[in-house]
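Here is work24.pdb, consisting of PDB, C-alpha atoms, pLDDT in the B column:
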```
MODEL        1
ATOM      1  CA  MET O   1       0.000   0.000   0.000  1.00 94.00           C
ATOM      2  CA  ASN O   2       2.881   2.394   0.718  1.00 96.00           C
ATOM      3  CA  ARG O   3       3.970   2.245  -2.910  1.00 96.00           C
ATOM      4  CA  ILE O   4       0.408   2.949  -4.087  1.00 96.00           C
ATOM      5  CA  ILE O   5       0.239   6.040  -1.871  1.00 96.00           C
ATOM      6  CA  TYR O   6       3.670   7.260  -2.973  1.00 97.00           C
ATOM      7  CA  GLU O   7       3.020   6.812  -6.694  1.00 95.00           C
ATOM      8  CA  SER O   8      -0.500   8.271  -6.493  1.00 93.00           C
ATOM      9  CA  ILE O   9       0.788  11.584  -5.141  1.00 92.00           C
ATOM     10  CA  LEU O  10       1.740  12.529  -8.716  1.00 92.00           C
ATOM     11  CA  TYR O  11      -1.755  11.906 -10.076  1.00 87.00           C
ATOM     12  CA  TYR O  12      -3.405  13.611  -7.131  1.00 85.00           C
ATOM     13  CA  ALA O  13      -1.199  16.677  -7.527  1.00 84.00           C
ATOM     14  CA  TYR O  14      -1.733  17.164 -11.272  1.00 83.00           C
ATOM     15  CA  ASP O  15      -4.629  16.648 -13.648  1.00 75.00           C
ATOM     16  CA  GLU O  16      -4.194  14.643 -16.850  1.00 75.00           C
ATOM     17  CA  PHE O  17      -3.664  17.769 -18.955  1.00 76.00           C
ATOM     18  CA  GLN O  18      -0.790  18.940 -16.791  1.00 81.00           C
ATOM     19  CA  LEU O  19       0.776  15.469 -16.924  1.00 85.00           C
ATOM     20  CA  LEU O  20       0.555  15.213 -20.708  1.00 84.00           C
ATOM     21  CA  ASP O  21       4.096  15.239 -22.153  1.00 85.00           C
ATOM     22  CA  GLY O  22       5.468  16.326 -18.786  1.00 89.00           C
ATOM     23  CA  GLU O  23       8.619  15.029 -17.080  1.00 94.00           C
ATOM     24  CA  HIS O  24       6.821  13.097 -14.372  1.00 95.00           C
ATOM     25  CA  GLN O  25       9.746  12.534 -12.023  1.00 95.00           C
ATOM     26  CA  LYS O  26      10.615  16.242 -11.996  1.00 95.00           C
ATOM     27  CA  MET O  27       6.951  17.203 -11.617  1.00 95.00           C
ATOM     28  CA  PHE O  28       6.656  14.764  -8.731  1.00 95.00           C
ATOM     29  CA  ILE O  29       9.569  16.371  -6.891  1.00 94.00           C
ATOM     30  CA  LYS O  30       8.247  19.860  -7.660  1.00 93.00           C
ATOM     31  CA  ALA O  31       4.817  18.993  -6.233  1.00 90.00           C
ATOM     32  CA  PHE O  32       6.146  18.785  -2.682  1.00 91.00           C
ATOM     33  CA  ASN O  33       7.305  22.403  -2.853  1.00 84.00           C
ATOM     34  CA  THR O  34       4.481  23.963  -4.849  1.00 82.00           C
ATOM     35  CA  LYS O  35       1.446  21.826  -4.016  1.00 79.00           C
ATOM     36  CA  PHE O  36       1.935  20.490  -0.515  1.00 80.00           C
ATOM     37  CA  LYS O  37       4.418  22.905   1.079  1.00 79.00           C
ATOM     38  CA  TYR O  38       6.445  19.916   2.221  1.00 90.00           C
ATOM     39  CA  ASN O  39       9.377  20.934   4.435  1.00 93.00           C
ATOM     40  CA  HIS O  40      12.248  18.444   4.150  1.00 93.00           C
ATOM     41  CA  SER O  41      13.876  19.857   7.288  1.00 94.00           C
ATOM     42  CA  ALA O  42      10.726  19.641   9.425  1.00 95.00           C
ATOM     43  CA  SER O  43      10.451  17.201  12.310  1.00 95.00           C
ATOM     44  CA  ASP O  44       9.226  13.664  11.718  1.00 94.00           C
ATOM     45  CA  LEU O  45       6.067  14.491  13.680  1.00 95.00           C
ATOM     46  CA  ALA O  46       5.312  17.505  11.476  1.00 95.00           C
ATOM     47  CA  LYS O  47       5.800  15.415   8.345  1.00 96.00           C
ATOM     48  CA  ARG O  48       3.538  12.643   9.644  1.00 96.00           C
ATOM     49  CA  ARG O  49       0.788  15.189  10.285  1.00 93.00           C
ATOM     50  CA  LEU O  50       0.571  16.181   6.620  1.00 91.00           C
ATOM     51  CA  GLY O  51      -2.578  15.149   4.799  1.00 89.00           C
ATOM     52  CA  ILE O  52      -0.997  13.937   1.568  1.00 91.00           C
ATOM     53  CA  TYR O  53      -0.908  10.254   2.570  1.00 94.00           C
ATOM     54  CA  GLY O  54      -4.645   9.852   2.962  1.00 93.00           C
ATOM     55  CA  GLU O  55      -5.431  12.286   0.149  1.00 89.00           C
ATOM     56  CA  SER O  56      -3.439  10.384  -2.462  1.00 91.00           C
ATOM     57  CA  LEU O  57      -4.804   7.058  -1.191  1.00 93.00           C
ATOM     58  CA  LEU O  58      -8.376   8.321  -1.531  1.00 90.00           C
ATOM     59  CA  TYR O  59      -7.602   9.441  -5.070  1.00 87.00           C
ATOM     60  CA  ALA O  60      -6.230   5.983  -5.926  1.00 89.00           C
ATOM     61  CA  ILE O  61      -9.260   4.202  -4.456  1.00 89.00           C
ATOM     62  CA  LEU O  62     -11.816   6.401  -6.203  1.00 85.00           C
ATOM     63  CA  HIS O  63      -9.986   6.079  -9.496  1.00 83.00           C
ATOM     64  CA  GLN O  64      -9.665   2.304  -9.282  1.00 83.00           C
ATOM     65  CA  LEU O  65     -13.102   1.395  -7.887  1.00 80.00           C
ATOM     66  CA  TYR O  66     -15.290   4.118  -9.385  1.00 74.00           C
ATOM     67  CA  ASN O  67     -13.263   5.276 -12.402  1.00 72.00           C
ATOM     68  CA  VAL O  68     -13.381   8.826 -11.083  1.00 63.00           C
ATOM     69  CA  ASN O  69     -10.693  11.215 -12.344  1.00 59.00           C
ATOM     70  CA  THR O  70      -9.777  14.518 -10.775  1.00 56.00           C
ATOM     71  CA  LEU O  71     -11.070  17.562 -12.657  1.00 49.00           C
ATOM     72  CA  VAL O  72      -9.473  20.112 -10.333  1.00 49.00           C
ATOM     73  CA  SER O  73      -6.086  18.883  -9.141  1.00 46.00           C
ATOM     74  CA  ARG O  74      -4.673  19.396  -5.661  1.00 48.00           C
ATOM     75  CA  GLY O  75      -3.430  22.851  -4.672  1.00 42.00           C
ATOM     76  CA  TYR O  76      -4.636  25.280  -5.031  1.00 41.00           C
ATOM     77  CA  PHE O  77      -8.370  25.143  -4.984  1.00 44.00           C
ATOM     78  CA  TYR O  78      -8.219  28.823  -4.188  1.00 41.00           C
ATOM     79  CA  ASP O  79     -10.667  31.115  -2.426  1.00 45.00           C
ATOM     80  CA  ILE O  80     -10.041  34.566  -3.932  1.00 40.00           C
ATOM     81  CA  GLN O  81     -11.839  36.440  -1.161  1.00 47.00           C
ATOM     82  CA  LYS O  82      -9.937  34.735   1.656  1.00 49.00           C
ATOM     83  CA  LYS O  83      -6.706  34.602  -0.368  1.00 45.00           C
ATOM     84  CA  SER O  84      -6.060  31.068   0.821  1.00 46.00           C
ATOM     85  CA  GLU O  85      -6.567  27.449  -0.183  1.00 48.00           C
ATOM     86  CA  VAL O  86     -10.058  26.123   0.350  1.00 49.00           C
ATOM     87  CA  THR O  87     -10.213  23.674   3.246  1.00 53.00           C
ATOM     88  CA  GLY O  88     -12.714  20.997   4.185  1.00 52.00           C
ATOM     89  CA  TYR O  89     -12.456  18.758   1.140  1.00 61.00           C
ATOM     90  CA  ASP O  90      -9.559  16.437   0.308  1.00 68.00           C
ATOM     91  CA  SER O  91     -10.744  15.398  -3.150  1.00 66.00           C
ATOM     92  CA  PHE O  92     -12.491  17.310  -5.910  1.00 68.00           C
ATOM     93  CA  GLN O  93     -14.229  15.553  -8.792  1.00 72.00           C
ATOM     94  CA  LEU O  94     -17.065  16.506 -11.099  1.00 72.00           C
ATOM     95  CA  ILE O  95     -18.310  13.624 -13.218  1.00 75.00           C
ATOM     96  CA  GLN O  96     -21.064  12.739 -15.650  1.00 73.00           C
ATOM     97  CA  ARG O  97     -22.602   9.250 -15.556  1.00 74.00           C
ATOM     98  CA  GLU O  98     -24.760   8.881 -18.657  1.00 73.00           C
ATOM     99  CA  ASN O  99     -27.081  11.892 -18.193  1.00 73.00           C
ATOM    100  CA  GLU O 100     -26.520  12.431 -14.460  1.00 80.00           C
ATOM    101  CA  ILE O 101     -23.938  14.774 -12.970  1.00 82.00           C
ATOM    102  CA  GLU O 102     -22.312  14.217  -9.577  1.00 84.00           C
ATOM    103  CA  LEU O 103     -20.019  16.358  -7.468  1.00 81.00           C
ATOM    104  CA  TRP O 104     -17.553  14.161  -5.619  1.00 82.00           C
ATOM    105  CA  PHE O 105     -16.081  16.187  -2.750  1.00 81.00           C
ATOM    106  CA  GLY O 106     -14.391  13.861  -0.254  1.00 83.00           C
ATOM    107  CA  GLU O 107     -12.459  13.839   2.988  1.00 89.00           C
ATOM    108  CA  THR O 108      -9.779  11.588   4.436  1.00 92.00           C
ATOM    109  CA  LYS O 109      -8.161  10.909   7.801  1.00 95.00           C
ATOM    110  CA  PHE O 110      -5.005   8.815   8.217  1.00 97.00           C
ATOM    111  CA  TYR O 111      -4.751   8.390  11.998  1.00 97.00           C
ATOM    112  CA  GLU O 112      -3.341   5.780  14.339  1.00 97.00           C
ATOM    113  CA  ASP O 113      -6.540   5.983  16.407  1.00 97.00           C
ATOM    114  CA  GLY O 114      -9.622   5.172  14.323  1.00 97.00           C
ATOM    115  CA  ILE O 115     -12.112   6.579  16.833  1.00 97.00           C
ATOM    116  CA  ALA O 116     -10.254   9.902  16.956  1.00 97.00           C
ATOM    117  CA  ALA O 117     -10.204   9.971  13.132  1.00 97.00           C
ATOM    118  CA  ILE O 118     -13.965   9.427  12.925  1.00 97.00           C
ATOM    119  CA  ASP O 119     -14.627  12.126  15.529  1.00 97.00           C
ATOM    120  CA  LYS O 120     -12.473  14.543  13.534  1.00 95.00           C
ATOM    121  CA  VAL O 121     -14.465  13.820  10.367  1.00 94.00           C
ATOM    122  CA  PHE O 122     -17.746  14.547  12.097  1.00 94.00           C
ATOM    123  CA  SER O 123     -16.445  17.777  13.617  1.00 91.00           C
ATOM    124  CA  ASN O 124     -16.448  19.224  10.095  1.00 84.00           C
ATOM    125  CA  ILE O 125     -19.006  17.247   8.146  1.00 89.00           C
ATOM    126  CA  GLU O 126     -22.066  19.403   8.888  1.00 86.00           C
ATOM    127  CA  LYS O 127     -20.214  22.475   7.642  1.00 84.00           C
ATOM    128  CA  ALA O 128     -18.936  20.682   4.542  1.00 84.00           C
ATOM    129  CA  ILE O 129     -22.358  19.362   3.539  1.00 89.00           C
ATOM    130  CA  SER O 130     -24.155  22.672   3.202  1.00 88.00           C
ATOM    131  CA  ASP O 131     -25.169  25.017   0.404  1.00 84.00           C
ATOM    132  CA  ASP O 132     -23.008  27.817   1.719  1.00 80.00           C
ATOM    133  CA  TYR O 133     -19.825  25.776   1.849  1.00 78.00           C
ATOM    134  CA  LEU O 134     -20.466  23.780  -1.293  1.00 75.00           C
ATOM    135  CA  VAL O 135     -21.662  26.587  -3.543  1.00 69.00           C
ATOM    136  CA  ASN O 136     -20.218  29.830  -2.253  1.00 64.00           C
ATOM    137  CA  THR O 137     -16.831  28.501  -1.145  1.00 61.00           C
ATOM    138  CA  ASN O 138     -16.006  25.754  -3.594  1.00 61.00           C
ATOM    139  CA  PHE O 139     -18.155  25.144  -6.611  1.00 62.00           C
ATOM    140  CA  THR O 140     -17.619  28.429  -8.413  1.00 61.00           C
ATOM    141  CA  THR O 141     -13.904  27.618  -8.649  1.00 62.00           C
ATOM    142  CA  ILE O 142     -14.721  24.602 -10.819  1.00 66.00           C
ATOM    143  CA  LEU O 143     -16.006  26.897 -13.551  1.00 66.00           C
ATOM    144  CA  GLN O 144     -12.424  27.959 -14.186  1.00 63.00           C
ATOM    145  CA  LYS O 145     -11.554  24.361 -15.074  1.00 63.00           C
ATOM    146  CA  LYS O 146     -14.300  23.620 -17.592  1.00 68.00           C
ATOM    147  CA  GLY O 147     -11.664  23.641 -20.333  1.00 66.00           C
ATOM    148  CA  ASN O 148     -10.336  20.363 -18.902  1.00 66.00           C
ATOM    149  CA  ILE O 149     -13.488  18.578 -20.094  1.00 70.00           C
ATOM    150  CA  ILE O 150     -12.674  16.873 -23.387  1.00 68.00           C
ATOM    151  CA  ASP O 151     -16.231  16.364 -24.658  1.00 73.00           C
ATOM    152  CA  LYS O 152     -17.490  19.867 -25.409  1.00 81.00           C
ATOM    153  CA  GLU O 153     -20.892  18.454 -26.384  1.00 81.00           C
ATOM    154  CA  SER O 154     -21.445  16.795 -23.023  1.00 78.00           C
ATOM    155  CA  LYS O 155     -24.198  17.946 -20.701  1.00 80.00           C
ATOM    156  CA  LEU O 156     -21.595  18.719 -18.067  1.00 76.00           C
ATOM    157  CA  TYR O 157     -19.588  21.066 -20.295  1.00 81.00           C
ATOM    158  CA  LYS O 158     -22.701  22.860 -21.586  1.00 85.00           C
ATOM    159  CA  ILE O 159     -23.958  23.522 -18.064  1.00 83.00           C
ATOM    160  CA  LEU O 160     -20.603  24.888 -16.896  1.00 82.00           C
ATOM    161  CA  ASP O 161     -20.265  26.977 -20.045  1.00 85.00           C
ATOM    162  CA  LYS O 162     -23.713  28.491 -19.465  1.00 85.00           C
ATOM    163  CA  TRP O 163     -22.869  29.333 -15.855  1.00 82.00           C
ATOM    164  CA  ASP O 164     -19.559  30.837 -16.914  1.00 81.00           C
ATOM    165  CA  LYS O 165     -21.147  33.143 -19.510  1.00 85.00           C
ATOM    166  CA  CYS O 166     -24.316  34.226 -17.691  1.00 84.00           C
ATOM    167  CA  ILE O 167     -25.282  35.874 -14.447  1.00 82.00           C
ATOM    168  CA  ILE O 168     -26.808  33.126 -12.310  1.00 78.00           C
ATOM    169  CA  ASP O 169     -29.296  34.375  -9.731  1.00 82.00           C
ATOM    170  CA  SER O 170     -29.197  31.183  -7.685  1.00 82.00           C
ATOM    171  CA  LEU O 171     -26.573  28.528  -8.201  1.00 79.00           C
ATOM    172  CA  GLU O 172     -28.445  26.347  -5.722  1.00 82.00           C
ATOM    173  CA  ASP O 173     -31.497  26.435  -8.008  1.00 86.00           C
ATOM    174  CA  GLU O 174     -29.313  25.636 -10.997  1.00 84.00           C
ATOM    175  CA  LEU O 175     -27.862  22.615  -9.232  1.00 84.00           C
ATOM    176  CA  ARG O 176     -31.339  21.337  -8.378  1.00 86.00           C
ATOM    177  CA  ASP O 177     -32.808  22.077 -11.810  1.00 87.00           C
ATOM    178  CA  ASN O 178     -30.003  20.141 -13.490  1.00 86.00           C
ATOM    179  CA  GLN O 179     -30.348  17.301 -10.954  1.00 86.00           C
ATOM    180  CA  ILE O 180     -26.736  17.575  -9.849  1.00 85.00           C
ATOM    181  CA  LYS O 181     -25.959  15.434  -6.801  1.00 88.00           C
ATOM    182  CA  LEU O 182     -23.281  15.600  -4.120  1.00 88.00           C
ATOM    183  CA  VAL O 183     -21.345  12.434  -3.318  1.00 88.00           C
ATOM    184  CA  TYR O 184     -19.217  12.688  -0.161  1.00 89.00           C
ATOM    185  CA  PRO O 185     -16.754   9.795   0.248  1.00 90.00           C
ATOM    186  CA  VAL O 186     -14.879   9.604   3.551  1.00 93.00           C
ATOM    187  CA  LEU O 187     -11.716   7.483   3.784  1.00 95.00           C
ATOM    188  CA  VAL O 188     -10.538   6.605   7.286  1.00 97.00           C
ATOM    189  CA  THR O 189      -7.227   4.718   7.504  1.00 98.00           C
ATOM    190  CA  PHE O 190      -6.214   3.629  11.010  1.00 98.00           C
ATOM    191  CA  ASN O 191      -4.470   0.950  13.059  1.00 98.00           C
ATOM    192  CA  THR O 192      -6.077  -2.456  13.356  1.00 97.00           C
ATOM    193  CA  ILE O 193      -7.164  -3.201  16.935  1.00 94.00           C
ATOM    194  CA  GLY O 194      -5.388  -6.309  18.235  1.00 91.00           C
ATOM    195  CA  ASN O 195      -4.702  -7.564  14.695  1.00 86.00           C
ATOM    196  CA  ASP O 196      -8.419  -8.348  14.361  1.00 94.00           C
ATOM    197  CA  TYR O 197      -9.639  -6.760  11.124  1.00 95.00           C
ATOM    198  CA  ASN O 198     -13.315  -7.680  11.480  1.00 96.00           C
ATOM    199  CA  GLU O 199     -13.551  -6.514  15.083  1.00 96.00           C
ATOM    200  CA  THR O 200     -11.826  -3.263  14.169  1.00 97.00           C
ATOM    201  CA  ILE O 201     -14.409  -2.555  11.451  1.00 97.00           C
ATOM    202  CA  LYS O 202     -17.291  -3.438  13.806  1.00 97.00           C
ATOM    203  CA  THR O 203     -15.925  -1.091  16.470  1.00 97.00           C
ATOM    204  CA  ALA O 204     -15.691   1.809  14.018  1.00 97.00           C
ATOM    205  CA  ILE O 205     -19.204   1.270  12.656  1.00 97.00           C
ATOM    206  CA  LYS O 206     -20.653   0.964  16.163  1.00 97.00           C
ATOM    207  CA  HIS O 207     -19.011   4.251  17.158  1.00 98.00           C
ATOM    208  CA  ILE O 208     -20.521   6.031  14.149  1.00 97.00           C
ATOM    209  CA  ASN O 209     -23.981   4.596  14.835  1.00 96.00           C
ATOM    210  CA  ASP O 210     -23.894   5.245  18.581  1.00 97.00           C
ATOM    211  CA  LYS O 211     -22.555   8.796  18.453  1.00 97.00           C
ATOM    212  CA  TYR O 212     -23.638  10.281  15.135  1.00 96.00           C
ATOM    213  CA  SER O 213     -26.800   8.559  13.879  1.00 93.00           C
ATOM    214  CA  HIS O 214     -28.880  11.534  15.075  1.00 94.00           C
ATOM    215  CA  LEU O 215     -27.191  14.007  12.696  1.00 93.00           C
ATOM    216  CA  LYS O 216     -29.340  15.669  10.064  1.00 91.00           C
ATOM    217  CA  PHE O 217     -28.029  17.688   7.164  1.00 92.00           C
ATOM    218  CA  ASP O 218     -30.719  20.291   6.626  1.00 91.00           C
ATOM    219  CA  LYS O 219     -28.494  23.060   5.289  1.00 90.00           C
ATOM    220  CA  ILE O 220     -28.045  21.527   1.850  1.00 90.00           C
ATOM    221  CA  SER O 221     -30.737  21.732  -0.812  1.00 87.00           C
ATOM    222  CA  ILE O 222     -29.451  19.236  -3.390  1.00 88.00           C
ATOM    223  CA  GLU O 223     -29.539  15.456  -3.221  1.00 91.00           C
ATOM    224  CA  TYR O 224     -26.498  14.005  -1.460  1.00 92.00           C
ATOM    225  CA  SER O 225     -25.008  10.741  -0.268  1.00 92.00           C
ATOM    226  CA  ILE O 226     -22.248  10.011   2.244  1.00 93.00           C
ATOM    227  CA  PHE O 227     -20.252   6.808   2.373  1.00 92.00           C
ATOM    228  CA  PHE O 228     -17.335   5.663   4.498  1.00 95.00           C
ATOM    229  CA  ILE O 229     -14.344   3.654   3.328  1.00 95.00           C
ATOM    230  CA  LEU O 230     -12.823   2.109   6.463  1.00 97.00           C
ATOM    231  CA  MET O 231      -9.289   0.807   5.977  1.00 97.00           C
ATOM    232  CA  PRO O 232      -7.531  -0.669   9.025  1.00 97.00           C
ATOM    233  CA  ILE O 233      -3.820  -1.320   8.471  1.00 97.00           C
ATOM    234  CA  GLU O 234      -1.101  -2.794  10.644  1.00 95.00           C
ATOM    235  CA  ASP O 235       0.908   0.323  11.499  1.00 97.00           C
ATOM    236  CA  VAL O 236      -0.040   3.852  10.380  1.00 98.00           C
ATOM    237  CA  LYS O 237       3.088   5.444  11.855  1.00 97.00           C
ATOM    238  CA  LYS O 238       5.433   3.007  10.118  1.00 98.00           C
ATOM    239  CA  SER O 239       3.587   3.444   6.834  1.00 98.00           C
ATOM    240  CA  LYS O 240       3.996   7.223   6.951  1.00 98.00           C
ATOM    241  CA  GLU O 241       7.637   6.953   7.987  1.00 98.00           C
ATOM    242  CA  THR O 242       8.376   4.719   4.992  1.00 98.00           C
ATOM    243  CA  ILE O 243       6.754   7.174   2.587  1.00 97.00           C
ATOM    244  CA  ILE O 244       8.562  10.113   4.216  1.00 97.00           C
ATOM    245  CA  GLU O 245      11.865   8.281   3.763  1.00 97.00           C
ATOM    246  CA  TRP O 246      11.122   7.819   0.059  1.00 97.00           C
ATOM    247  CA  ILE O 247      10.126  11.478  -0.331  1.00 97.00           C
ATOM    248  CA  ASP O 248      13.246  12.778   1.398  1.00 96.00           C
ATOM    249  CA  LYS O 249      15.624  10.634  -0.651  1.00 96.00           C
ATOM    250  CA  LYS O 250      13.659  11.267  -3.870  1.00 95.00           C
ATOM    251  CA  GLU O 251      12.880   7.594  -4.467  1.00 96.00           C
ATOM    252  CA  PRO O 252      12.319   7.117  -8.240  1.00 96.00           C
ATOM    253  CA  LEU O 253       8.779   6.470  -9.419  1.00 95.00           C
ATOM    254  CA  MET O 254       8.010   3.057 -10.897  1.00 89.00           C
ATOM    255  CA  LEU O 255       5.575   4.351 -13.519  1.00 69.00           C
TER     256      LEU O 255
ENDMDL
END
```
This entry written out as structure tokens:
Amino acid sequence: MNRIIYESILYYAYDEFQLLDGEHQKMFIKAFNTKFKYNHSASDLAKRRLGIYGESLLYAILHQLYNVNTLVSRGYFYDIQKKSEVTGYDSFQLIQRENEIELWFGETKFYEDGIAAIDKVFSNIEKAISDDYLVNTNFTTILQKKGNIIDKESKLYKILDKWDKCIIDSLEDELRDNQIKLVYPVLVTFNTIGNDYNETIKTAIKHINDKYSHLKFDKISIEYSIFFILMPIEDVKKSKETIIEWIDKKEPLML
């Protein structure tokens, strides 16, 4: 899995148009300075706290299982008003399945403690799944990337082109009228409890049901779905340390 995470950083950092005819090894090295603000001289603890491990793993999973490609690559999904990178989502996809359009805005936690990771997800999830956060903070940025859509006759491109060229009174209404849905995948990677995979999964699910089943998301006006990908592994700390070692010594990609 460590190799999958390491290699996937390249594809998470750049979209397919940026990668076309590029020198991938050099782009990979550059990404840590320009995309992730990786500090090679930082402490091991600071490096382990970076989000790139879970973010690139989520990208790899979504791409492999759901054939979802990134439309807006990592860094910087920029908020002009705040003059900073948008936070709250760790993956950004906009896809068309036949005649349906889905926004895939996901989140990931790569913690040693699975319960702490789940609690951290839910501390933000109500804010993330809301019209204000989805529309006003994030979605308008996607309009700038409509040129990345190859099929200019697709429903998706035509909708984005219309929004880009017209004054839209209510983007929320436009999302509903075009039956655009939000899909919110959450990847939680954490240490297996007592080397018992099944019991670890049961414990995580029970915690979600016991503590968060009462939550209602009444601040979003479009159809949405949330799903968790729970991935217990043997040793989160060791996994991160291995990847950090490869990053610091510029381990060649095996593409």
Checklist line | Residues returned when the PyMOL selection byres ((chain O and resi 180) around 7) runs on this file, as a list in words | finding: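 Here the PyMOL selection byres ((chain O and resi 180) around 7) matches Glu100, Ile101, Glu102, Leu175, Arg176, Asn178, Gln179, Lys181 and Leu182 of chain O.
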Notebook entry, point to check: Between CA of Tyr66 (chain O) and CA of His214 (chain O), what is the distance, to one decimal in Å?
Noted result: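 Pair CA of Tyr66 (chain O) / CA of His214 (chain O) returns 28.9 Å.
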Margin query: Using Å and a single decimal, report how far CA of Phe228 (chain O) sits from CA of Ala31 (chain O).
Written below: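 A separation of 28.0 Å between them.
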Margin query: Assuming the chain letters and numbering stay as they are in my file, what does the PyMOL selection byres ((chain O and resi 21-26) around 10) actually select? List them as a list in words.
Written below: Leu10, Tyr11, Tyr14, Glu16, Phe17, Gln18, Leu19, Leu20, Met27, Phe28, Ile29, Lys30, Ala31, Lys250, Glu251, Pro252, Leu253, Met254 and Leu255 of chain O
Note to self: Assuming the chain letters and numbering stay as they are in my file, what does the PyMOL selection byres ((chain O and resi 231-234) around 9) actually select? List them as an MDAnalysis selection string.
What the structure shows: chainID O and resid 114 187:193 195 197 200:201 229:230 235:236 238:239
